[in-house]
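Text of entry-v7.txt, listed as compact mmCIF, C-alpha atoms:
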# COMPACT_ATOMS: atom_id res chain seq x y z
CA MET Y 100 103.11 54.99 139.93
CA ASN Y 101 101.51 54.56 136.48
CA LEU Y 102 101.17 51.16 134.84
CA LYS Y 103 104.16 51.49 132.53
CA ALA Y 104 106.42 52.50 135.39
CA LYS Y 105 105.08 49.59 137.46
CA LEU Y 106 105.76 47.20 134.58
CA GLN Y 107 109.36 48.44 134.32
CA ALA Y 108 109.86 47.87 138.04
CA LEU Y 109 108.44 44.32 137.84
CA LEU Y 110 110.56 43.47 134.81
CA ALA Y 111 113.65 44.81 136.59
CA GLU Y 112 112.85 42.56 139.58
CA ALA Y 113 112.43 39.56 137.29
CA GLU Y 114 115.74 40.35 135.59
CA GLU Y 115 117.53 40.38 138.95
CA LEU Y 116 116.07 37.01 139.90
CA HIS Y 117 117.04 35.59 136.52
CA LYS Y 118 120.63 36.76 136.93
CA LYS Y 119 120.96 34.97 140.29
CA GLY Y 120 120.26 31.61 138.70
CA ALA Y 121 117.84 28.92 139.95
CA GLU Y 122 120.39 27.31 142.28
CA ASN Y 123 120.98 30.57 144.15
CA LEU Y 124 117.34 31.56 144.78
CA THR Y 125 116.08 31.61 148.35
CA ASP Y 126 112.81 29.95 149.34
CA ASP Y 127 111.08 33.35 149.46
CA GLU Y 128 112.39 34.21 146.02
CA VAL Y 129 111.21 30.87 144.62
CA ALA Y 130 107.76 31.57 146.04
CA ARG Y 131 107.88 35.07 144.57
CA VAL Y 132 108.46 33.92 140.96
CA PRO Y 133 104.90 32.69 140.11
CA LYS Y 134 103.35 35.77 141.77
CA LEU Y 135 105.76 38.02 139.92
CA THR Y 136 104.93 36.34 136.60
CA GLU Y 137 101.22 36.76 137.31
CA GLU Y 138 101.65 40.47 138.18
CA ILE Y 139 103.64 41.12 134.99
CA ALA Y 140 100.95 39.46 132.86
CA ASP Y 141 98.21 41.41 134.65
CA VAL Y 142 99.93 44.79 134.19
CA LYS Y 143 100.63 44.03 130.51
CA SER Y 144 96.96 43.18 130.03
CA LYS Y 145 95.87 46.46 131.60
CA ILE Y 146 98.32 48.45 129.45
CA ASP Y 147 96.99 46.73 126.31
CA ALA Y 148 93.46 47.61 127.39
CA GLN Y 149 94.45 51.25 127.87
CA ASP Y 150 96.10 51.36 124.44
CA ALA Y 151 93.02 49.83 122.82
CA ALA Y 152 90.78 52.38 124.53
CA ALA Y 153 93.04 55.21 123.40
CA GLU Y 154 92.93 53.98 119.79
CA ALA Y 155 89.14 53.77 119.94
CA LEU Y 156 88.90 57.33 121.24
CA LYS Y 157 91.36 58.48 118.57
CA SER Y 158 89.20 56.94 115.84
CA ALA Y 159 86.09 58.54 117.31
CA PHE Y 160 87.68 61.97 117.39
CA ALA Y 161 89.06 61.53 113.90
CA ALA Y 162 85.57 60.83 112.58
CA ASP Y 163 84.21 63.83 114.44
CA GLU Y 164 86.98 66.05 113.07
CA GLN Y 165 86.02 65.08 109.51
CA GLN Y 166 82.45 66.12 110.22
CA THR Y 167 83.51 69.47 111.67
CA ALA Y 168 86.26 70.19 109.14
CA GLY Y 169 84.22 72.88 107.43
CA GLU Y 170 82.98 74.52 110.62
CA PRO Y 171 84.65 77.78 111.70
CA GLY Y 172 86.83 77.02 114.69
CA GLY Y 173 86.08 73.27 114.52
CA ARG Y 174 88.35 70.73 116.19
CA LYS Y 175 89.98 69.80 112.89
CA ALA Y 176 90.80 73.41 112.11
CA ARG Y 177 92.31 73.88 115.53
CA ALA Y 178 94.28 70.63 115.32
CA GLU Y 179 95.89 71.72 112.06
CA GLN Y 180 97.19 74.96 113.55
CA PRO Y 181 100.89 74.80 114.36
CA GLY Y 182 101.66 74.12 118.01
CA SER Y 183 103.84 76.36 120.14
CA VAL Y 184 107.47 75.80 121.00
CA GLY Y 185 106.53 75.00 124.58
CA GLU Y 186 104.02 72.37 123.48
CA ALA Y 187 106.64 70.84 121.19
CA PHE Y 188 109.12 70.55 124.06
CA VAL Y 189 106.51 69.05 126.40
CA GLY Y 190 105.75 66.42 123.74
CA SER Y 191 109.38 65.75 122.82
CA GLU Y 192 110.95 62.32 123.10
CA ALA Y 193 113.67 63.74 125.36
CA LEU Y 194 111.19 64.91 127.99
CA LYS Y 195 109.11 61.72 127.66
CA ALA Y 196 112.23 59.63 128.33
CA PHE Y 197 113.00 61.72 131.41
CA ARG Y 198 109.45 61.31 132.73
CA GLU Y 199 109.55 57.54 132.16
CA ARG Y 200 112.84 57.30 134.00
CA TYR Y 201 111.58 59.40 136.91
CA PRO Y 202 107.78 58.85 137.03
CA GLN Y 203 107.61 60.38 140.52
CA GLY Y 204 110.01 63.22 139.66
CA ALA Y 205 113.77 63.28 140.08
CA ALA Y 206 115.03 63.23 143.65
CA LYS Y 207 116.85 66.24 145.04
CA GLY Y 208 120.43 66.35 143.74
CA THR Y 209 119.75 64.08 140.74
CA PRO Y 210 121.68 65.23 137.64
CA ILE Y 211 119.21 66.44 134.98
CA SER Y 212 119.93 67.03 131.29
CA ILE Y 213 117.03 67.19 128.81
CA GLU Y 214 117.64 68.48 125.28
CA ALA Y 215 115.10 68.65 122.45
CA ARG Y 216 116.18 69.88 119.02
CA ASP Y 217 114.35 70.96 115.85
CA LEU Y 218 111.14 71.46 117.77
CA ALA Y 219 109.24 73.09 114.93
CA SER Y 220 109.33 70.15 112.54
CA LYS Y 221 110.65 66.62 112.44
CA LYS Y 222 109.81 66.24 108.74
CA SER Y 223 112.24 68.75 107.24
CA SER Y 224 114.79 67.30 104.85
CA VAL Y 225 117.22 70.16 105.45
CA ARG Y 226 119.35 70.77 108.49
CA ALA Y 227 117.40 73.76 109.72
CA VAL Y 228 113.67 74.41 109.78
CA LYS Y 229 111.41 77.35 110.43
CA ALA Y 230 111.44 77.37 114.15
CA PRO Y 231 110.52 80.13 116.55
CA LEU Y 232 109.17 82.70 114.17
CA ASN Y 233 105.59 83.58 113.44
CA THR Y 234 106.10 83.85 109.69
CA ILE Y 235 103.41 81.72 108.11
CA ASP Y 236 102.52 84.38 105.53
CA ASN Y 237 106.07 85.55 104.76
CA GLY Y 238 105.16 89.17 104.31
CA ASP Y 239 101.43 88.98 103.55
CA THR Y 240 99.53 91.84 105.15
CA SER Y 241 96.19 91.18 103.46
CA PRO Y 242 92.98 91.48 105.49
CA THR Y 243 91.58 88.43 107.27
CA ARG Y 244 87.87 87.65 107.43
CA LEU Y 245 86.45 87.09 110.90
CA PRO Y 246 85.15 83.48 111.20
CA GLY Y 247 81.37 83.35 111.12
CA ILE Y 248 80.97 87.03 110.24
CA GLU Y 249 80.30 87.46 106.54
CA ASP Y 250 80.61 91.21 106.17
CA VAL Y 251 83.51 92.09 108.46
CA THR Y 252 87.20 91.87 107.68
CA TYR Y 253 90.09 93.13 109.72
CA ARG Y 254 93.82 93.32 109.21
CA LYS Y 255 95.50 90.87 111.51
CA PRO Y 256 98.26 92.24 113.75
CA ASN Y 257 101.68 91.89 112.20
CA THR Y 258 105.19 92.10 113.55
CA LEU Y 259 108.46 92.70 111.75
CA LEU Y 260 109.09 88.95 111.66
CA ASP Y 261 105.81 88.52 109.77
CA LEU Y 262 106.96 90.96 107.10
CA ILE Y 263 110.46 89.74 106.21
CA THR Y 264 111.36 86.64 104.22
CA VAL Y 265 112.16 83.67 106.48
CA GLY Y 266 113.80 80.52 105.22
CA VAL Y 267 116.40 77.88 106.00
CA THR Y 268 120.00 77.25 105.04
CA ASN Y 269 122.61 74.50 105.28
CA SER Y 270 125.49 76.99 105.39
CA ALA Y 271 126.92 78.79 108.41
CA TRP Y 272 128.43 81.43 106.11
CA LEU Y 273 127.27 82.76 102.75
CA GLU Y 274 128.80 85.23 100.34
CA TYR Y 275 126.14 86.84 98.16
CA ARG Y 276 125.54 89.71 95.77
CA GLN Y 277 123.67 92.66 97.26
CA LEU Y 278 121.69 94.63 94.68
CA ILE Y 279 122.35 98.36 95.03
CA ALA Y 280 120.63 99.84 91.98
CA VAL Y 281 118.84 98.77 88.81
CA THR Y 282 118.75 100.67 85.53
CA ASN Y 283 115.78 99.26 83.65
CA ASN Y 284 116.58 99.13 79.93
CA ALA Y 285 113.63 96.97 78.93
CA ALA Y 286 112.23 97.99 75.53
CA ILE Y 287 110.28 96.78 72.52
CA VAL Y 288 112.68 95.31 69.96
CA PRO Y 289 111.55 95.47 66.32
CA GLU Y 290 112.15 92.65 63.87
CA ALA Y 291 115.59 92.78 62.26
CA GLN Y 292 115.56 94.32 58.76
CA THR Y 293 119.27 93.92 58.04
CA ASN Y 294 122.07 91.75 59.31
CA ASN Y 295 123.92 94.64 60.98
CA ASN Y 296 121.24 96.75 62.59
CA ALA Y 297 122.35 97.83 66.07
CA ALA Y 298 118.82 99.06 66.83
CA ASN Y 299 117.59 95.47 66.83
CA LEU Y 300 119.95 94.28 69.57
CA LYS Y 301 118.25 93.01 72.69
CA PRO Y 302 118.63 95.44 75.62
CA ILE Y 303 120.57 94.69 78.79
CA SER Y 304 119.52 96.19 82.10
CA ASP Y 305 122.27 97.53 84.32
CA LEU Y 306 122.50 95.95 87.76
CA GLN Y 307 124.79 97.54 90.31
CA THR Y 308 125.82 95.02 92.95
CA ARG Y 309 128.37 94.59 95.70
CA THR Y 310 129.63 91.56 97.55
CA ALA Y 311 128.23 91.01 101.02
CA ASP Y 312 128.50 88.11 103.43
CA ALA Y 313 126.17 86.57 105.95
CA LYS Y 314 127.40 84.68 109.00
CA ALA Y 315 125.33 82.53 111.33
CA HIS Y 316 124.99 83.97 114.83
CA THR Y 317 123.71 82.23 117.94
CA TYR Y 318 120.62 83.60 119.66
CA ALA Y 319 120.03 82.21 123.15
CA ASP Y 320 118.29 82.94 126.43
CA GLY Y 321 117.77 81.00 129.65
CA ILE Y 322 115.70 81.14 132.79
CA GLU Y 323 115.63 79.46 136.18
CA ALA Y 324 112.78 77.05 136.89
CA THR Y 325 111.89 74.76 139.76
CA GLN Y 326 111.68 71.00 139.38
CA GLN Y 327 107.98 71.32 140.12
CA GLU Y 328 107.65 73.46 136.98
CA LEU Y 329 109.71 70.92 135.04
CA ASN Y 330 107.28 68.18 136.10
CA ASP Y 331 104.19 70.17 135.07
CA ASP Y 332 103.45 70.23 131.33
CA GLY Y 333 101.31 73.37 131.40
CA ALA Y 334 103.71 75.39 133.54
CA LEU Y 335 106.71 74.31 131.47
CA ALA Y 336 105.06 75.10 128.12
CA SER Y 337 103.90 78.52 129.30
CA LEU Y 338 107.39 79.29 130.64
CA ILE Y 339 108.99 78.48 127.29
CA ASP Y 340 106.37 80.22 125.15
CA GLY Y 341 105.70 83.22 127.37
CA ILE Y 342 109.30 84.11 128.17
CA LEU Y 343 112.06 82.24 126.33
CA ALA Y 344 110.62 82.08 122.81
CA GLN Y 345 109.35 85.66 123.04
CA ASN Y 346 112.73 86.91 124.25
CA LEU Y 347 114.43 85.28 121.26
CA ARG Y 348 111.93 86.85 118.85
CA ASP Y 349 112.51 90.27 120.42
CA GLU Y 350 116.29 89.92 120.12
CA ILE Y 351 116.13 88.74 116.50
CA GLU Y 352 113.89 91.70 115.70
CA ARG Y 353 116.33 94.11 117.38
CA ILE Y 354 119.27 92.75 115.40
CA ILE Y 355 117.35 92.88 112.11
CA LEU Y 356 116.60 96.55 112.73
CA ALA Y 357 119.61 97.92 114.60
CA GLY Y 358 122.36 95.28 114.52
CA ASP Y 359 125.83 96.82 114.39
CA GLU Y 360 128.90 95.00 113.03
CA ALA Y 361 131.08 97.08 115.35
CA ASN Y 362 129.42 95.28 118.28
CA GLY Y 363 129.95 91.80 116.84
CA GLU Y 364 126.45 91.75 115.34
CA PRO Y 365 125.31 91.57 111.72
CA ASP Y 366 124.38 95.00 110.37
CA GLY Y 367 120.68 95.68 110.59
CA ILE Y 368 118.46 97.74 108.33
CA LEU Y 369 119.34 101.01 110.06
CA ASN Y 370 123.08 100.39 109.60
CA THR Y 371 123.14 99.16 106.00
CA THR Y 372 124.44 101.38 103.20
CA GLY Y 373 121.99 101.66 100.32
CA VAL Y 374 118.80 102.01 102.36
CA LEU Y 375 116.91 105.10 101.16
CA GLN Y 376 116.63 108.13 103.45
CA GLN Y 377 113.58 110.37 103.68
CA ALA Y 378 114.09 113.66 105.52
CA PHE Y 379 111.32 115.28 107.56
CA ALA Y 380 108.97 117.27 105.33
CA THR Y 381 106.38 119.64 106.87
CA ASP Y 382 104.76 117.01 109.12
CA VAL Y 383 104.64 113.27 109.71
CA VAL Y 384 101.82 112.61 107.25
CA THR Y 385 103.57 114.52 104.46
CA THR Y 386 106.88 112.81 105.24
CA VAL Y 387 105.30 109.38 104.90
CA ARG Y 388 103.69 110.31 101.58
CA LYS Y 389 106.98 111.60 100.19
CA ALA Y 390 108.73 108.38 101.28
CA LYS Y 391 106.14 106.41 99.33
CA THR Y 392 107.00 108.44 96.23
CA LEU Y 393 110.74 108.03 96.89
CA LEU Y 394 110.41 104.25 96.98
CA SER Y 395 108.37 104.20 93.79
CA GLU Y 396 110.75 106.41 91.83
CA THR Y 397 114.00 104.92 93.13
CA SER Y 398 113.33 101.16 93.24
CA ASN Y 399 109.83 100.78 91.78
CA THR Y 400 108.66 99.60 95.20
CA ILE Y 401 105.06 99.52 96.37
CA PRO Y 402 105.29 99.70 100.18
CA GLN Y 403 104.27 96.52 101.93
CA ALA Y 404 104.13 98.21 105.37
CA ILE Y 405 105.49 101.03 107.49
CA LEU Y 406 107.22 100.08 110.74
CA LEU Y 407 106.81 102.54 113.62
CA ASN Y 408 107.77 102.86 117.25
CA PRO Y 409 104.61 102.43 119.38
CA GLU Y 410 104.87 106.07 120.51
CA ASP Y 411 104.84 107.36 116.92
CA ASP Y 412 102.02 104.98 116.05
CA GLU Y 413 100.06 106.40 118.99
CA ALA Y 414 100.70 109.95 117.76
CA LEU Y 415 99.15 109.04 114.39
CA ASP Y 416 96.08 107.59 116.09
CA LEU Y 417 95.64 110.79 118.10
CA LEU Y 418 95.92 113.22 115.18
CA LYS Y 419 92.86 115.53 115.06
CA ASP Y 420 91.54 118.18 112.70
CA LEU Y 421 90.82 121.76 113.73
CA GLU Y 422 87.44 120.71 115.10
CA GLY Y 423 88.91 118.04 117.37
CA ARG Y 424 87.87 115.07 115.24
CA TYR Y 425 90.26 112.15 114.82
CA TYR Y 426 91.72 111.75 111.35
CA SER Y 427 91.76 108.01 111.95
CA GLY Y 428 88.77 105.88 112.91
CA GLY Y 429 88.92 107.00 116.53
CA PRO Y 430 89.12 104.96 119.72
CA PHE Y 431 86.10 102.71 119.12
CA THR Y 432 86.92 101.25 115.74
CA ALA Y 433 88.57 97.91 115.05
CA GLY Y 434 89.41 98.41 111.41
CA PRO Y 435 92.83 98.34 109.74
CA THR Y 436 95.36 100.96 110.81
CA ASN Y 437 96.83 102.33 107.60
CA ILE Y 438 98.49 105.53 106.44
CA TRP Y 439 98.37 106.38 102.75
CA ALA Y 440 96.96 102.87 102.09
CA THR Y 441 100.03 101.31 103.77
CA PRO Y 442 99.58 99.02 106.80
CA ARG Y 443 101.13 100.30 110.03
CA VAL Y 444 103.17 97.81 112.08
CA THR Y 445 104.81 98.59 115.42
CA SER Y 446 108.11 97.56 116.98
CA ALA Y 447 109.70 98.87 120.15
CA ALA Y 448 113.08 98.27 118.48
CA VAL Y 449 112.47 101.18 116.07
CA PRO Y 450 113.85 104.42 117.57
CA VAL Y 451 111.24 107.03 118.49
CA GLY Y 452 111.05 109.61 115.72
CA GLN Y 453 112.04 107.17 112.96
CA ALA Y 454 110.10 104.82 110.74
CA ILE Y 455 110.96 102.23 108.10
CA MET Y 456 108.81 101.89 105.00
CA GLY Y 457 108.97 99.66 101.94
CA ASN Y 458 109.02 96.01 100.96
CA PHE Y 459 110.50 94.09 103.89
CA ARG Y 460 110.68 90.86 101.88
CA ALA Y 461 113.96 92.22 100.53
CA PHE Y 462 115.40 91.23 103.93
CA GLN Y 463 115.92 87.53 104.64
CA PHE Y 464 116.47 85.65 107.89
CA LEU Y 465 117.69 82.11 107.28
CA ILE Y 466 117.73 79.56 110.09
CA TYR Y 467 120.86 77.41 110.19
CA GLU Y 468 120.18 75.48 113.40
CA ALA Y 469 116.56 75.29 114.46
CA LEU Y 470 115.36 76.14 117.92
CA SER Y 471 116.41 73.74 120.67
CA ILE Y 472 115.41 73.66 124.31
CA LEU Y 473 117.80 72.34 126.97
CA ALA Y 474 116.94 71.83 130.65
CA PHE Y 475 119.72 70.89 133.07
CA ASN Y 476 120.81 71.42 136.67
CA GLN Y 477 124.59 71.05 136.32
CA HIS Y 478 125.00 74.72 137.15
CA LYS Y 479 126.12 76.34 140.40
CA ASP Y 480 124.19 74.67 143.25
CA TYR Y 481 120.99 74.12 141.26
CA ALA Y 482 120.83 70.36 141.88
CA GLN Y 483 120.88 70.86 145.65
CA ARG Y 484 118.29 73.62 145.47
CA ASN Y 485 115.89 71.73 143.15
CA LEU Y 486 116.36 74.34 140.43
CA VAL Y 487 116.71 73.75 136.68
CA TYR Y 488 118.21 76.02 134.02
CA VAL Y 489 116.00 76.04 130.90
CA ARG Y 490 117.71 77.44 127.79
CA ALA Y 491 116.40 78.22 124.31
CA GLU Y 492 118.88 78.53 121.45
CA LEU Y 493 118.98 78.83 117.66
CA ARG Y 494 121.44 79.93 114.97
CA GLY Y 495 120.54 82.06 112.00
CA LEU Y 496 122.00 84.42 109.43
CA GLN Y 497 120.51 87.43 107.68
CA LEU Y 498 120.81 88.66 104.10
CA PHE Y 499 119.72 92.07 102.85
CA ARG Y 500 119.25 91.50 99.12
CA GLN Y 501 117.92 94.92 98.06
CA PRO Y 502 118.49 97.74 100.56
CA ALA Y 503 116.83 100.28 98.22
CA LYS Y 504 113.51 98.49 98.72
CA LEU Y 505 113.34 100.11 102.17
CA ALA Y 506 113.46 103.74 103.29
CA VAL Y 507 114.23 105.16 106.74
CA LEU Y 508 112.03 108.12 107.57
CA ASP Y 509 112.85 111.02 109.90
CA LEU Y 510 109.58 111.89 111.64
CA THR Y 511 110.88 114.81 113.70
CA ALA Y 512 111.43 118.38 112.59
CA GLY Y 513 115.03 119.60 112.90
CA ALA Y 514 116.00 121.98 115.68
Once more with this new file: its structure as structure tokens, please.
Amino acid sequence: MNLKAKLQALLAEAEELHKKGAENLTDDEVARVPKLTEEIADVKSKIDAQDAAAEALKSAFAADEQQTAGEPGGRKARAEQPGSVGEAFVGSEALKAFRERYPQGAAKGTPISIEARDLASKKSSVRAVKAPLNTIDNGDTSPTRLPGIEDVTYRKPNTLLDLITVGVTNSAWLEYRQLIAVTNNAAIVPEAQTNNNAANLKPISDLQTRTADAKAHTYADGIEATQQELNDDGALASLIDGILAQNLRDEIERIILAGDEANGEPDGILNTTGVLQQAFATDVVTTVRKAKTLLSETSNTIPQAILLNPEDDEALDLLKDLEGRYYSGGPFTAGPTNIWATPRVTSAAVPVGQAIMGNFRAFQFLIYEALSILAFNQHKDYAQRNLVYVRAELRGLQLFRQPAKLAVLDLTAGA
């Protein structure tokens, strides 16, 4: 039993004696009072000493972090990196309260219910916050310099969720205008020479829009865990990060790409009218180049990335010339994987034989209710079997502002 738990037990004992009243105390209880008072004071003193030591260590580390702030990979740099969802749950007030209540672990059959909300940030002033998504750059695919290596840069791995625009919303349902086409009428306007010169009127560009709506949907997944895992910070964090959070990311990515309103899902990129279509042309490399031209001519879009199924990405890596030499850097290079100066990103949710190219920031995923983690055993016979159901859940809605900023490519020749 740790000191704080011991102090709670002693204070509870003192409270019981106080409730009995002096006239109802037995001789043993009367003799116990001074010893109990002495034990409480001793435990409090030890807790104060621990807190003082912790503050001293904290100050020492803070000073050291300031000294190493400019060092690649220093403690300060690592401390400023955002923690994982699992680490946030392990450090949550809900789990701390549970641990304080059951310092030795809950007994078999004890009802358990632990819920932690808004794990990504407690400082947000809006209802929802960026939660389970790795979207720090919001679409940036620029190269990253390797720490400590002056002359080497590499393009960090990206996922679809790194490419799209991610934000927050206070609304569970939004009606918005979806931009279908733009006729650019921008022009130089000369100074007016007469009062009624139509040539001097300021131009108006033509925007073709349609009304679309976005509705918040719930994304959730759960997994069985033992109470031993619940009582172990490392095991619990790895369970949440390695399985639950990843499963949610995978499902969000699938819906963004292939969601179908007919199945009760929001329409994804592949099912949205207005997305450009590039037919197969000669070979994959030619098809990609023609899609780049299509995007430029149709929506003045410079492609941010091309999204490929891993099998099609592999096929590009393995392309060889007539002498058996790889067109790409080959198997022993670690440089950026581009095609026609466009970064290649993979997703298993993209159908084999298709690709999506363009500016993915035209697609938005807005989080309405941030990620929450709930652990409970009020399910089936879990309490009797020392099992706990751990569930991750969030609500979000998606908006596709400019479908013509993206093109779907057919990478396979017709029959």
Checklist line | Top pick for closest residue to Gly333 (chain Y), considering Y:Ala187, Y:Ala482, Y:Val374, Y:Leu369 and counting only C-alpha atoms | finding: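 Of Y:Ala187, Y:Ala482, Y:Val374, Y:Leu369, the one nearest Gly333 (chain Y) is Y:Ala187, counting only C-alpha atoms.
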Tell me, as a CSV table (one decimal) with C-alpha atoms, in the frame of the given file, which residues lie within 12 Å of region 424-426 of chain Y, counting only C-alpha atoms; anything in the same chain fewer than 5 positions away does not count.
chain,number,residue,atom,x,y,z
Y,384,VAL,CA,101.8,112.6,107.2
Y,414,ALA,CA,100.7,110.0,117.8
Y,415,LEU,CA,99.2,109.0,114.4
Y,416,ASP,CA,96.1,107.6,116.1
Y,417,LEU,CA,95.6,110.8,118.1
Y,418,LEU,CA,95.9,113.2,115.2
Y,419,LYS,CA,92.9,115.5,115.1
Y,431,PHE,CA,86.1,102.7,119.1
Y,432,THR,CA,86.9,101.2,115.7
Y,436,THR,CA,95.4,101.0,110.8
Y,437,ASN,CA,96.8,102.3,107.6
Y,438,ILE,CA,98.5,105.5,106.4
Check: Interatomic distance between CA of Gly457 (chain Y) and CA of Ala271 (chain Y)?
Finding: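 Between CA of Gly457 (chain Y) and CA of Ala271 (chain Y) the gap is 28.3 Å.
Proximity to Gln463 (chain Y) was assessed for Y:Ala315, Y:Ala336, Y:Leu498, Y:Leu102 counting only C-alpha atoms; the smallest distance is recorded for Y:Leu498.
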Notebook entry, point to check: Which of these residues is nearest to Ala447 (chain Y), using all atoms listed in the file: Y:Glu350, Y:Asp331, Y:Glu192, Y:Glu112?
Noted result: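 Going through Y:Glu350, Y:Asp331, Y:Glu192, Y:Glu112 one by one, the smallest distance to Ala447 (chain Y) is for Y:Glu350.
Shortest separation to Asp340 (chain Y) among Y:Lys301, Y:Arg484, Y:Lys389, Y:Arg490 occurs at residue Y:Arg490, atoms counted being only C-alpha atoms.
Reported to one decimal place, the separation of CA of Val189 (chain Y) from CA of Ile322 (chain Y) is 16.5 Å.
Shortest separation to Thr268 (chain Y) among Y:Glu199, Y:Glu128, Y:Glu468, Y:Glu364 occurs at residue Y:Glu468, atoms counted being only C-alpha atoms.
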Item checked: Y:Ile279, Y:Val444, Y:Ile472, Y:Leu407 ranked by distance to Thr371 (chain Y), top pick (using all atoms listed in the file) -> Y:Ile279
Next item on the list: Figure out the distance between CA of Pro502 (chain Y) and CA of Gly373 (chain Y), please, to one decimal in Å.
Entry: 5.3 Å
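The shell of residues at most 12 Å from Ala313 (chain Y), with all atoms listed in the file counted and near chain neighbours (fewer than 3 positions) removed, consists of Thr268, Ser270, Ala271, Trp272, Leu273, Glu274, Tyr275, Arg276, Gln277, Thr310, His316, Glu360, Glu364, Pro365, Asp366, Gly367, Phe462, Gln463, Phe464, Leu465, Ile466, Tyr467, Gly495, Leu496, Gln497, Leu498, Phe499 and Arg500 of chain Y.
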Checklist line | Residue contacts of Ala324 (chain Y) (8 Å, only C-alpha atoms) excluding same-chain residues fewer than 6 positions away, as an NGL selection string | finding: :Y and (486-489)
Next item on the list: Anything within 12 Å of (107.5, 97.5, 94.7): list those residues as a PyMOL selection string, counting only C-alpha atoms and sticking to the file's coordinates.
Entry: chain Y and resi 391-404+456-461+501+503-505
